[in-house]
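Data block below; observations after.
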Amino acid sequence: MPRAIYLDDHATTRCDPAVVDAMVPYFLEHFGNAGSRTHSHGHTARAAVELARARVAATIGGDPREVVFTSGATEANNLAVLGVMRAAGRGHLVVSTVEHKAVLDPARVWEREGGLLTVVPPDASGRVCPDRIAEALRPDTVLVSMMLANNEVGTIQPVAEVAARCRERGVLVHTDAAQAVGKIPVDVRTLGVDLLSLSAHKMYGPKGVGALWVRRGRPRVSIAPLTHGGGQERGLRPGTLPVPLIVGLGVACQRVDAALADGELMGVARRRDRLLEILRAAVPDLQVNGSMEHRLPNNLHVALPGVDAAALMMAVRPIAFSAGSACTSESLEPSYVLAAMGLARDVAAASFRLGLGRFTTDDDVEEAGAAIGAAAGRVRALSRLIE
Ligand SMILES: Cc1ncc(COP(=O)(O)O)c(C=O)c1O
């Protein structure tokens with residue numbers, strides 16, 4: 001049996017120890033409510049929140065006043081999509097087929113509320129062509145939501161090109177950057193977007209916290225809040241702020257900046273390429289799903305023809321990876337992302353995702369690659385026998 005190796009960083013990442021260390025005092029000593037204005041417990045908590053806000057803003061090239069803390073990227077996406085469309089009151093929304101459900105589902109809610117929706121498919125490599133988005137725009141289009149990097153095949157989308165086309169037409173752009181922040185450099189001004197979602201647990205921070213970045217200035221981005229209450233986060237996301245989680249997100253962002261400067265991503269990409277090399281040597285007819293050129297450095301998504309991915313996962317059980325996407329892996333539906341890319345059902349069933357990260361070692365890659373490669377041979381032989 002191989003040892004337990006975690007290769008599912010797109011589902012979630014292990015917390016960086018520096019993140020946990022920074023959070024602990026905010027549970028035990030500095031437990032104040034950041035909304036308490038009348039004593040030092042509140043002031044300390046507020047100062048920590050504002051420091052974290054500045055760190056989040058610095059990581060994505062924004063202004064701290066543009067950061068709204070949320071419970072994660074799901075909430076940030078809902079606030080962006082439904083908040084912007086409802087504030088507009090009517091109008092047309094454009095999303096891509098390969099968005100996370102946290103964009104697709106609110107988009108469908110908008111449609112049920114009587115709004116207009118266009119869903120633009122990707123090409124066979126998983127990329128959504130900016131021309132297709134531009135063609136979908138109408139005079140009443142309010143918002144385009146296009147993810148920066150896909151959570152299954154790791155495809156990096158041409159968000160900057162799309163934003164440039166949309167700006168000419170006065171259309172706002174939101175990008176779900178949950179899989180991108182910490183994996184590729186992300187700068188909101190270079191991208192030219194108006195809203196961006198991120199999530200701490202995808203970048204070595206805690207689960208249950210994220211942020212929506214909302215551009216200040218003109219043209220104004222108006223958002224109707226989804227929940228109502230104590231007025232926190234300028235009324236856009238009321239509720240007592242989870243100070244320890246926010247501190248954790250801030251330190252996770254700080255660590256991302258340091259890691260980018262240290263060349264962490266090159267190491268991750270090198271290990272990913274080595275893993276592919278090992279798997280290809282074991283299974284020469286391996287097929288890579290999605291663009292290799294426009295791809296997150298930590299993502300590998302492959303099909304081993306004739307090898308059922310679920311059976312393969314069982315055969316190397318201590319190694320954690322994912323068939324389909326983790327967020328939909330509770331259902332046995334074939335991945336809608338792979339289907340939209342035109343993969344046949346049998347190829348999709350033979351496909352799986354490997355996600356590497358900060359804590360993946362060379363040994364992890366060698367051992368996991370060898371174990372998966374050997375198990376693939378056994379699973380294939382067995383299914384031939386059954387046939
Ligand atoms: C691209 C993308 N968007 C949104 C989410 C949801 O993020 P969270 O778990 O922070 O709500 C995920 C997580 O799977 C994701 O991969």
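Residues are referred to by chain and number: the chain letter is A, B, ... according to the order shown in the structure tokens, the number counts from 1 in that chain, and ligands are numbered separately from 1 in the order shown.
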
Stretch 126-264 of chain A: which residues are strand (DSSP E) by DSSP, as an mmCIF file with N, CA and C atoms, in the first residue's frame?
```
data_model
loop_
_atom_site.group_PDB
_atom_site.id
_atom_site.type_symbol
_atom_site.label_atom_id
_atom_site.label_comp_id
_atom_site.auth_asym_id
_atom_site.auth_seq_id
_atom_site.Cartn_x
_atom_site.Cartn_y
_atom_site.Cartn_z
ATOM 1 N N THR A 141 -26.576 44.327 -21.433
ATOM 2 C CA THR A 141 -25.717 43.473 -20.593
ATOM 3 C C THR A 141 -25.145 44.308 -19.444
ATOM 4 N N VAL A 142 -25.308 43.772 -18.236
ATOM 5 C CA VAL A 142 -24.836 44.477 -17.034
ATOM 6 C C VAL A 142 -23.482 43.915 -16.597
ATOM 7 N N LEU A 143 -23.376 42.577 -16.624
ATOM 8 C CA LEU A 143 -22.222 41.928 -16.003
ATOM 9 C C LEU A 143 -21.793 40.683 -16.780
ATOM 10 N N VAL A 144 -20.466 40.504 -16.864
ATOM 11 C CA VAL A 144 -19.898 39.233 -17.333
ATOM 12 C C VAL A 144 -19.145 38.638 -16.142
ATOM 13 N N SER A 145 -19.400 37.365 -15.842
ATOM 14 C CA SER A 145 -18.645 36.698 -14.781
ATOM 15 C C SER A 145 -17.850 35.558 -15.406
ATOM 16 N N LEU A 172 -19.757 45.555 -16.768
ATOM 17 C CA LEU A 172 -18.908 45.210 -15.619
ATOM 18 C C LEU A 172 -18.410 43.771 -15.738
ATOM 19 N N VAL A 173 -17.242 43.501 -15.136
ATOM 20 C CA VAL A 173 -16.674 42.142 -15.172
ATOM 21 C C VAL A 173 -16.319 41.678 -13.759
ATOM 22 N N HIS A 174 -16.807 40.479 -13.440
ATOM 23 C CA HIS A 174 -16.446 39.819 -12.189
ATOM 24 C C HIS A 174 -15.601 38.600 -12.525
ATOM 25 N N THR A 175 -14.567 38.358 -11.729
ATOM 26 C CA THR A 175 -13.823 37.115 -11.918
ATOM 27 C C THR A 175 -13.714 36.351 -10.602
ATOM 28 N N ASP A 176 -13.983 35.047 -10.692
ATOM 29 C CA ASP A 176 -13.837 34.143 -9.557
ATOM 30 C C ASP A 176 -12.380 33.665 -9.576
ATOM 31 N N LEU A 195 -14.835 43.322 -10.168
ATOM 32 C CA LEU A 195 -15.060 42.551 -8.943
ATOM 33 C C LEU A 195 -14.236 41.262 -9.011
ATOM 34 N N LEU A 196 -13.737 40.820 -7.869
ATOM 35 C CA LEU A 196 -12.939 39.576 -7.837
ATOM 36 C C LEU A 196 -13.207 38.841 -6.521
ATOM 37 N N SER A 197 -13.427 37.530 -6.644
ATOM 38 C CA SER A 197 -13.671 36.693 -5.458
ATOM 39 C C SER A 197 -12.428 35.871 -5.137
ATOM 40 N N LEU A 198 -12.174 35.704 -3.845
ATOM 41 C CA LEU A 198 -11.093 34.805 -3.430
ATOM 42 C C LEU A 198 -11.496 34.064 -2.161
ATOM 43 N N SER A 199 -10.762 32.993 -1.874
ATOM 44 C CA SER A 199 -11.106 32.132 -0.744
ATOM 45 C C SER A 199 -9.836 31.718 -0.006
ATOM 46 N N GLY A 210 -13.312 34.445 3.119
ATOM 47 C CA GLY A 210 -12.859 34.841 1.790
ATOM 48 C C GLY A 210 -13.135 36.318 1.641
ATOM 49 N N ALA A 211 -13.073 36.788 0.412
ATOM 50 C CA ALA A 211 -13.327 38.220 0.211
ATOM 51 C C ALA A 211 -13.858 38.469 -1.182
ATOM 52 N N LEU A 212 -14.640 39.542 -1.271
ATOM 53 C CA LEU A 212 -15.006 40.085 -2.580
ATOM 54 C C LEU A 212 -14.324 41.435 -2.693
ATOM 55 N N TRP A 213 -13.517 41.590 -3.734
ATOM 56 C CA TRP A 213 -12.916 42.889 -4.024
ATOM 57 C C TRP A 213 -13.859 43.612 -4.978
ATOM 58 N N VAL A 214 -14.211 44.844 -4.622
ATOM 59 C CA VAL A 214 -15.134 45.633 -5.461
ATOM 60 C C VAL A 214 -14.447 46.949 -5.804
#
```

Give the residue list for ligand 1 at 9 Å, counting only C-alpha atoms and all ligand atoms, as an NGL selection string, sorted by chain and then by residue number.
:A and (10-12 or 70-77 or 99-103 or 147-152 or 176-180 or 197-202 or 207-211 or 325-327)

Which polymer residues have any atom within 12 Å of an atom of A:Arg280, counting only C-alpha atoms, with same-chain residues fewer than 3 positions away left out, as a PDB file with N, CA and C atoms, in the first residue's frame?
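File selection-v8.pdb, as written:
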```pdb
ATOM      1  N   ASP A 273       5.168  18.763 -13.599  1.00  0.00           N
ATOM      2  CA  ASP A 273       5.665  18.231 -14.873  1.00  0.00           C
ATOM      3  C   ASP A 273       6.325  16.861 -14.663  1.00  0.00           C
ATOM      4  N   ARG A 274       6.988  16.716 -13.545  1.00  0.00           N
ATOM      5  CA  ARG A 274       7.616  15.412 -13.227  1.00  0.00           C
ATOM      6  C   ARG A 274       6.544  14.334 -13.023  1.00  0.00           C
ATOM      7  N   LEU A 275       5.472  14.713 -12.362  1.00  0.00           N
ATOM      8  CA  LEU A 275       4.382  13.761 -12.135  1.00  0.00           C
ATOM      9  C   LEU A 275       3.800  13.302 -13.480  1.00  0.00           C
ATOM     10  N   LEU A 276       3.630  14.246 -14.371  1.00  0.00           N
ATOM     11  CA  LEU A 276       3.120  13.908 -15.705  1.00  0.00           C
ATOM     12  C   LEU A 276       4.077  12.956 -16.414  1.00  0.00           C
ATOM     13  N   GLU A 277       5.364  13.231 -16.279  1.00  0.00           N
ATOM     14  CA  GLU A 277       6.389  12.393 -16.925  1.00  0.00           C
ATOM     15  C   GLU A 277       6.302  10.945 -16.405  1.00  0.00           C
ATOM     16  N   VAL A 283       1.853   4.913 -18.523  1.00  0.00           N
ATOM     17  CA  VAL A 283       0.664   4.789 -19.378  1.00  0.00           C
ATOM     18  C   VAL A 283       0.883   5.666 -20.623  1.00  0.00           C
ATOM     19  N   PRO A 284       1.542   5.124 -21.643  1.00  0.00           N
ATOM     20  CA  PRO A 284       1.944   5.973 -22.781  1.00  0.00           C
ATOM     21  C   PRO A 284       0.769   6.607 -23.528  1.00  0.00           C
ATOM     22  N   ASP A 285      -0.428   5.994 -23.471  1.00  0.00           N
ATOM     23  CA  ASP A 285      -1.545   6.614 -24.190  1.00  0.00           C
ATOM     24  C   ASP A 285      -2.327   7.608 -23.312  1.00  0.00           C
ATOM     25  N   LEU A 286      -1.706   8.029 -22.219  1.00  0.00           N
ATOM     26  CA  LEU A 286      -2.307   9.054 -21.340  1.00  0.00           C
ATOM     27  C   LEU A 286      -2.682  10.292 -22.165  1.00  0.00           C
ATOM     28  N   GLN A 287      -3.798  10.896 -21.790  1.00  0.00           N
ATOM     29  CA  GLN A 287      -4.261  12.089 -22.505  1.00  0.00           C
ATOM     30  C   GLN A 287      -4.407  13.216 -21.475  1.00  0.00           C
ATOM     31  N   VAL A 288      -3.820  14.372 -21.771  1.00  0.00           N
ATOM     32  CA  VAL A 288      -3.983  15.518 -20.862  1.00  0.00           C
ATOM     33  C   VAL A 288      -5.276  16.236 -21.239  1.00  0.00           C
ATOM     34  N   VAL A 302      -5.831  14.368 -16.211  1.00  0.00           N
ATOM     35  CA  VAL A 302      -5.501  13.414 -17.271  1.00  0.00           C
ATOM     36  C   VAL A 302      -6.558  12.334 -17.396  1.00  0.00           C
ATOM     37  N   ALA A 303      -6.606  11.741 -18.578  1.00  0.00           N
ATOM     38  CA  ALA A 303      -7.426  10.550 -18.802  1.00  0.00           C
ATOM     39  C   ALA A 303      -6.475   9.404 -19.114  1.00  0.00           C
ATOM     40  N   LEU A 304      -6.680   8.277 -18.437  1.00  0.00           N
ATOM     41  CA  LEU A 304      -5.919   7.071 -18.762  1.00  0.00           C
ATOM     42  C   LEU A 304      -6.918   6.142 -19.457  1.00  0.00           C
ATOM     43  N   PRO A 305      -6.879   6.094 -20.794  1.00  0.00           N
ATOM     44  CA  PRO A 305      -7.912   5.362 -21.520  1.00  0.00           C
ATOM     45  C   PRO A 305      -8.069   3.930 -21.022  1.00  0.00           C
ATOM     46  N   GLY A 369       3.248   9.037  -8.203  1.00  0.00           N
ATOM     47  CA  GLY A 369       3.306   8.756  -9.640  1.00  0.00           C
ATOM     48  C   GLY A 369       3.502   7.265  -9.890  1.00  0.00           C
ATOM     49  N   ALA A 370       4.452   6.661  -9.150  1.00  0.00           N
ATOM     50  CA  ALA A 370       4.729   5.231  -9.334  1.00  0.00           C
ATOM     51  C   ALA A 370       3.513   4.395  -8.937  1.00  0.00           C
ATOM     52  N   ILE A 372       0.262   5.299  -8.775  1.00  0.00           N
ATOM     53  CA  ILE A 372      -0.885   5.478  -9.679  1.00  0.00           C
ATOM     54  C   ILE A 372      -0.602   4.767 -11.008  1.00  0.00           C
ATOM     55  N   GLY A 373       0.627   4.919 -11.498  1.00  0.00           N
ATOM     56  CA  GLY A 373       0.993   4.270 -12.762  1.00  0.00           C
ATOM     57  C   GLY A 373       0.837   2.757 -12.680  1.00  0.00           C
ATOM     58  N   ALA A 374       1.325   2.164 -11.577  1.00  0.00           N
ATOM     59  CA  ALA A 374       1.242   0.699 -11.431  1.00  0.00           C
ATOM     60  C   ALA A 374      -0.216   0.267 -11.280  1.00  0.00           C
ATOM     61  N   ALA A 376      -2.832   1.758 -12.400  1.00  0.00           N
ATOM     62  CA  ALA A 376      -3.548   1.936 -13.676  1.00  0.00           C
ATOM     63  C   ALA A 376      -3.407   0.677 -14.527  1.00  0.00           C
TER      64      ALA A 376
END
```

Quick check, in Å to one decimal: how far apart do atom CA of A:Arg14 and atom CA of A:His294 lie?
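For atom CA of A:Arg14 relative to atom CA of A:His294, the distance reads 25.2 Å.
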
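Checking A:Arg345, A:Arg138, A:Arg46, A:Arg317 one by one against A:Leu241, counting only C-alpha atoms, you find the shortest gap at A:Arg46.
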
Neighbouring residues of A:Gly205 were defined as those with any atom within 12 Å, considering only C-alpha atoms; residues of the same chain fewer than 3 positions away were excluded. Please report them as a PyMOL selection string.
chain A and resi 12-23+56+72+181-182+198-202+208-210+244-256

Which of these, A:Ala107, A:Val95, A:Leu300, A:Ala258, has the shortest distance to A:Val120 once you count only C-alpha atoms?
A:Val95

So that I can check the surroundings of stretch 314-316 of chain A, please list as an MDAnalysis selection string every protein, DNA and RNA residue that reaches within 9 Å of it, counting only C-alpha atoms and ignoring chain neighbours fewer than 5 positions away.
chainID A and resid 1:2 309 368 371:372 375:376 378:379

May I have the selected residues written with N, CA and C atoms, as a JSON list (two decimals), in the first residue's frame?
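The result, written out as result-v7.json:
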```json
[["chain", "number", "residue", "atom", "x", "y", "z"],
["A", 1, "MET", "N", 0.85, -1.21, 0.00],
["A", 1, "MET", "CA", 0.00, 0.00, 0.00],
["A", 1, "MET", "C", 0.88, 1.26, 0.00],
["A", 2, "PRO", "N", 0.61, 2.22, -0.87],
["A", 2, "PRO", "CA", 1.37, 3.47, -0.78],
["A", 2, "PRO", "C", 1.00, 4.24, 0.49],
["A", 309, "ALA", "N", -11.58, 5.88, -13.46],
["A", 309, "ALA", "CA", -10.92, 6.73, -12.45],
["A", 309, "ALA", "C", -11.38, 6.37, -11.04],
["A", 368, "ALA", "N", 3.71, 8.83, -5.45],
["A", 368, "ALA", "CA", 2.33, 8.83, -5.96],
["A", 368, "ALA", "C", 2.31, 8.47, -7.45],
["A", 371, "ALA", "N", 2.88, 4.75, -7.82],
["A", 371, "ALA", "CA", 1.73, 3.97, -7.35],
["A", 371, "ALA", "C", 0.54, 4.08, -8.30],
["A", 372, "ILE", "N", 0.26, 5.30, -8.77],
["A", 372, "ILE", "CA", -0.89, 5.48, -9.68],
["A", 372, "ILE", "C", -0.60, 4.77, -11.01],
["A", 375, "ALA", "N", -0.98, 1.01, -10.48],
["A", 375, "ALA", "CA", -2.39, 0.65, -10.28],
["A", 375, "ALA", "C", -3.19, 0.77, -11.57],
["A", 376, "ALA", "N", -2.83, 1.76, -12.40],
["A", 376, "ALA", "CA", -3.55, 1.94, -13.68],
["A", 376, "ALA", "C", -3.41, 0.68, -14.53],
["A", 378, "ARG", "N", -2.97, -2.36, -13.46],
["A", 378, "ARG", "CA", -3.78, -3.44, -12.87],
["A", 378, "ARG", "C", -5.26, -3.24, -13.18],
["A", 379, "VAL", "N", -5.73, -1.99, -13.02],
["A", 379, "VAL", "CA", -7.15, -1.70, -13.26],
["A", 379, "VAL", "C", -7.51, -1.97, -14.72]]
```

Measuring atom to atom with only C-alpha atoms, identify which of A:Asp8, A:Glu161, A:Glu233, A:Glu333 is nearest to A:Gly192.
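Smallest distance to A:Gly192 is found for A:Glu161.
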
Applying 10 Å and only C-alpha atoms, which residues near A:Gly290 remain after dropping the ones on its own chain fewer than 2 positions away? List them as a ChimeraX atom specification.
/A:123-127,152-155,287-288,292-295,300-302,338,341
